[in-house]
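Asker: Starting off with a structure, shown below.
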Amino acid sequence: MTAEERSEEAQSTPPPSSSAPEEPYSIFDKRQKALIVLIVSTAATFSGFASNIYFPALPTIAHDLNISIELVNLTVTSYLIFQGLAPSLWGPISDVKGRRIAYFCTFLVFLGACVGLAETRNYATLIVLRCLQSTGSASTIAIGSGVIGDITTRADRGGFMGIFQAGLLVPVAVGPVIGGALTGSLGWRAIFWFLTIYSGVFLVSLVLLLPETLRSTVANGSLTPSNPIIRYPLRIYQKTTKVNWNPEAAPREPPPRKRIDVTGPFRILISKFAAPIIIFLAIYYAVWQMSITAMSTLFEDRYGLTETQIGLTFIANGAGSMIGTLITGKILDLDYRRVKAKYEARSAQTDTEASNGLARSATEKEAYFPLEKARLRLVPVFSSVQCLSILLFGWTIQYPDRVHIAIPIVSTFITGWTAVSTQSVVMTYLVDVFSDRSAAASASLNLARCLFAAGGTSFVMPLVNSIGVGLAFTICAIVQAVALSGVAVQWKFATAWRRETVKDKR
């Protein structure tokens, strides 16, 4: 029985008056949690900024370095490959060594890569440093998911994950605008000087404000380790929290630490508990990234837009992404509470009617809880709408002389809304299932979606050039429709698989 399960059970079932009050799952109060989520959400923006701020500059970089647009698109592909691989290293490190240490190391790598990119003069240096930049920035999402898993329970996790997803998607909206403006006025190298300054200032803020949250190090936040790097600023949070907690009840020793397991994300990826839903999301994410990658070239060729104008076209995609994930986060919390209330009522009645008078253990109740119904109910809706928006994008941009540019731009708003809403749902679900390895679970999802996206972005323009925009994205929509079978498998079998695991452990 995990600490999270005990906390939820204590909140739903009042303890006897003779027993000591249950210690909170986390000592951080709402104000402190909001600050922590704000910090990790801002940290997660670097992955998106480094990727999306770059898109409007693709044609300019190709011209400046005297290379083809296909070669420049390979820098996007290589970035996505390392964006998928890097969290598989940093995620397990953060699950063992701590969130603060992992953040500090990743931002140092990112900062150095940005300085190098700002001074690059050839294609080989560009592609190598883009890989290094991705290694530094990509893990911020996995580490941030781990932090949220540390401080939240299932009952309120959906809302916080929605805020986190919205924060990391800010670059999807404003990144291309900034990138287009910088490229058009100061040149494309100014993009990387901007990222250098941004990351340097934020790294100082992160060191000063973000407490260590790893539960194997600080428990629920009540344990103060001797290591000064971990002690500060946690001690300040402990003194200022409004949550009632007993310092004397804090464990003298944290739970035993696990070894760094870099293969953990890969094992999660191929496990039956996660593989169907992860592969489904990876395909949908890949198609989304293919449409974004193609936008710059298609809008320049078909509608004759400048770098600044191309950057402005990305606002719709980013706005849809942010709005969608905020709303989806609230729906996730409501769905979870509704399903949990029905399940607890039904479970209580079953325990009362049991002939032997013995109620199920908390672990058994957790295994029988219909988590898929609580989390995945809206996935088919989002997926179907995304398929339609991809078709709309492909066929409207096929005929620029007949269709106003506003139509494909509106389609990107819908695609962004549905793609990110689906991603938010699946990420929250995986953190629920693998609550003790939340960063590793997020890394496994990131690995699959980025590798799929890397493959997709590498051939999207050759595919468009060979068969046309409309047919190319029609094929993408058909693949997405087939991928929905992964959700069906997860919905039908995942709960039974978890029950079998509990029975095998008896």
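Identifiers in this document derive from the order of the structure tokens: chains are assigned A, B, ..., residues are numbered from 1 separately in each chain, and ligands are numbered from 1 in order of occurrence.
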Counting only C-alpha atoms, what is within 12 Å of A:Thr120, bar same-chain residues fewer than 2 positions away, as a list in words?

Answerer: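 After dropping sequence-adjacent residues, the list is Ile61, Asp64, Leu65, Ala113, Cys114, Val115, Gly116, Leu117, Ala118, Asn122, Tyr123, Ala124, Thr125, Leu126, Ile127, Val128, Leu129, Arg130, Trp188, Arg189, Ala190, Phe192 and Trp193 of chain A.
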
Asker: Near A:Ala483, within 10 Å and counting only C-alpha atoms, which residues show up once chain neighbours fewer than 5 positions away are dropped, as an MDAnalysis selection string?

Answerer: chainID A and resid 276:277 279:284 383 477:478 488

Asker: Which residues are close to A:Thr313, i.e. within 12 Å by only C-alpha atoms, leaving aside same-chain residues fewer than 3 positions away? Reply as a ChimeraX atom specification.

Answerer: /A:55-56,172-178,180,292,295-296,298-300,303,305-310,316-319,405-413

Asker: Excluding A:Asp261 and its own-chain neighbours fewer than 2 positions away, which residues fall within 10 Å of it when counting only C-alpha atoms? Please give them as a VMD selection string.

Answerer: chain A and resid 88 to 89 91 to 93 95 to 96 258 to 259 263 to 266 440

Asker: Any chance you could export the current selection's N, CA and C atoms as a PDB file, in the first residue's frame?

Answerer:
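Output saved as part-v1.pdb:
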```
ATOM      1  N   SER A  88      15.373   9.323 -20.780  1.00  0.00           N
ATOM      2  CA  SER A  88      15.585   7.958 -20.308  1.00  0.00           C
ATOM      3  C   SER A  88      16.818   7.870 -19.409  1.00  0.00           C
ATOM      4  N   LEU A  89      17.704   8.855 -19.510  1.00  0.00           N
ATOM      5  CA  LEU A  89      18.843   8.952 -18.596  1.00  0.00           C
ATOM      6  C   LEU A  89      18.525   9.857 -17.412  1.00  0.00           C
ATOM      7  N   GLY A  91      15.615  11.077 -16.327  1.00  0.00           N
ATOM      8  CA  GLY A  91      14.446  10.700 -15.529  1.00  0.00           C
ATOM      9  C   GLY A  91      14.808   9.761 -14.392  1.00  0.00           C
ATOM     10  N   PRO A  92      15.464   8.620 -14.675  1.00  0.00           N
ATOM     11  CA  PRO A  92      15.891   7.727 -13.583  1.00  0.00           C
ATOM     12  C   PRO A  92      16.855   8.386 -12.603  1.00  0.00           C
ATOM     13  N   ILE A  93      17.731   9.277 -13.109  1.00  0.00           N
ATOM     14  CA  ILE A  93      18.646   9.979 -12.194  1.00  0.00           C
ATOM     15  C   ILE A  93      17.851  10.844 -11.223  1.00  0.00           C
ATOM     16  N   ASP A  95      14.842  10.328 -10.237  1.00  0.00           N
ATOM     17  CA  ASP A  95      14.084   9.450  -9.338  1.00  0.00           C
ATOM     18  C   ASP A  95      14.960   8.888  -8.219  1.00  0.00           C
ATOM     19  N   VAL A  96      16.285   9.005  -8.349  1.00  0.00           N
ATOM     20  CA  VAL A  96      17.198   8.449  -7.346  1.00  0.00           C
ATOM     21  C   VAL A  96      18.022   9.538  -6.660  1.00  0.00           C
ATOM     22  N   LYS A 258      16.449   3.747  -4.457  1.00  0.00           N
ATOM     23  CA  LYS A 258      16.654   2.747  -5.493  1.00  0.00           C
ATOM     24  C   LYS A 258      17.904   3.092  -6.301  1.00  0.00           C
ATOM     25  N   ARG A 259      18.413   2.092  -6.995  1.00  0.00           N
ATOM     26  CA  ARG A 259      19.551   2.330  -7.867  1.00  0.00           C
ATOM     27  C   ARG A 259      19.087   3.029  -9.135  1.00  0.00           C
ATOM     28  N   THR A 263      17.418   1.579 -17.683  1.00  0.00           N
ATOM     29  CA  THR A 263      16.565   0.723 -18.523  1.00  0.00           C
ATOM     30  C   THR A 263      15.107   0.771 -18.083  1.00  0.00           C
ATOM     31  N   GLY A 264      14.832   1.440 -16.948  1.00  0.00           N
ATOM     32  CA  GLY A 264      13.460   1.507 -16.445  1.00  0.00           C
ATOM     33  C   GLY A 264      12.461   2.053 -17.451  1.00  0.00           C
ATOM     34  N   PRO A 265      12.742   3.210 -18.094  1.00  0.00           N
ATOM     35  CA  PRO A 265      11.797   3.729 -19.089  1.00  0.00           C
ATOM     36  C   PRO A 265      11.551   2.760 -20.244  1.00  0.00           C
ATOM     37  N   PHE A 266      12.582   2.015 -20.641  1.00  0.00           N
ATOM     38  CA  PHE A 266      12.418   1.061 -21.740  1.00  0.00           C
ATOM     39  C   PHE A 266      11.529  -0.116 -21.314  1.00  0.00           C
ATOM     40  N   ALA A 440      10.351   8.218 -14.658  1.00  0.00           N
ATOM     41  CA  ALA A 440      10.680   7.172 -15.625  1.00  0.00           C
ATOM     42  C   ALA A 440       9.501   6.894 -16.555  1.00  0.00           C
TER      43      ALA A 440
END
```

Asker: Have a look at A:Ser438, A:Thr428, A:Thr196, A:Ser291 and name the one nearest to A:Glu119; count only C-alpha atoms.

Answerer: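 Looking at the shortest contact to A:Glu119, the residue is A:Thr196.
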
Asker: I need the residues of stretch 86-286 of chain A that end up classed as alpha helix (DSSP H) by DSSP on the backbone, written out as a PyMOL selection string.

Answerer: chain A and resi 87-96+99-118+123-137+139-151+154-168+170-186+189-209+215-218+228-240+264-270+275-286

Asker: Kindly indicate which residue among A:Pro462, A:Gln490, A:Gly221, A:Arg498 lies nearest to A:Leu71, using only C-alpha atoms for the distances.

Answerer: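 Using only C-alpha atoms, A:Leu71 sits closest to A:Pro462.
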
Asker: For atom CA of A:Leu210 and atom CA of A:Arg231, determine how far apart the two atoms are, in Å to one decimal place.

Answerer: 10.9 Å

Asker: Just the residues within 8 Å of A:Arg154, please, counting only C-alpha atoms, with nothing from its chain fewer than 2 positions along; format it as a PyMOL selection string.

Answerer: chain A and resi 4+152+156-158+336+432

Asker: What does the file look like for those residues with N, CA and C atoms, as a PDB file, in the first residue's frame?

Answerer:
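Once everything was written out, this is again-v6.pdb:
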```pdb
ATOM      1  N   GLU A   4       0.544   7.317  -1.121  1.00  0.00           N
ATOM      2  CA  GLU A   4      -0.534   8.018  -1.824  1.00  0.00           C
ATOM      3  C   GLU A   4      -1.876   7.361  -1.546  1.00  0.00           C
ATOM      4  N   THR A 152       1.435  15.512  -5.237  1.00  0.00           N
ATOM      5  CA  THR A 152      -0.008  15.421  -5.449  1.00  0.00           C
ATOM      6  C   THR A 152      -0.489  13.978  -5.327  1.00  0.00           C
ATOM      7  N   ASP A 156      -6.160  15.128  -6.999  1.00  0.00           N
ATOM      8  CA  ASP A 156      -5.934  16.491  -7.480  1.00  0.00           C
ATOM      9  C   ASP A 156      -4.839  16.574  -8.545  1.00  0.00           C
ATOM     10  N   ARG A 157      -4.328  15.428  -8.963  1.00  0.00           N
ATOM     11  CA  ARG A 157      -3.200  15.422  -9.910  1.00  0.00           C
ATOM     12  C   ARG A 157      -3.594  15.924 -11.297  1.00  0.00           C
ATOM     13  N   GLY A 158      -4.816  15.612 -11.731  1.00  0.00           N
ATOM     14  CA  GLY A 158      -5.227  16.004 -13.075  1.00  0.00           C
ATOM     15  C   GLY A 158      -5.172  17.503 -13.286  1.00  0.00           C
ATOM     16  N   TYR A 336     -12.317  11.753 -12.190  1.00  0.00           N
ATOM     17  CA  TYR A 336     -11.723  10.864 -11.192  1.00  0.00           C
ATOM     18  C   TYR A 336     -12.580  10.830  -9.924  1.00  0.00           C
ATOM     19  N   ASP A 432      -0.265   7.973 -12.691  1.00  0.00           N
ATOM     20  CA  ASP A 432      -1.119   7.234 -11.748  1.00  0.00           C
ATOM     21  C   ASP A 432      -0.697   5.769 -11.660  1.00  0.00           C
TER      22      ASP A 432
END
```

Asker: Tell me which protein, DNA and RNA residues are within 9 Å of A:Leu392, counting only C-alpha atoms, leaving out same-chain ones fewer than 3 positions away, and put them as a PyMOL selection string.

Answerer: chain A and resi 387-389+395-397+407-408+411+470+473

Asker: Using only C-alpha atoms for the distances, tell me which of A:Ala86, A:Ile39, A:Ile467, A:Ile315 is nearest to A:Val204.

Answerer: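 Going through A:Ala86, A:Ile39, A:Ile467, A:Ile315 one by one, the smallest distance to A:Val204 is for A:Ile39.
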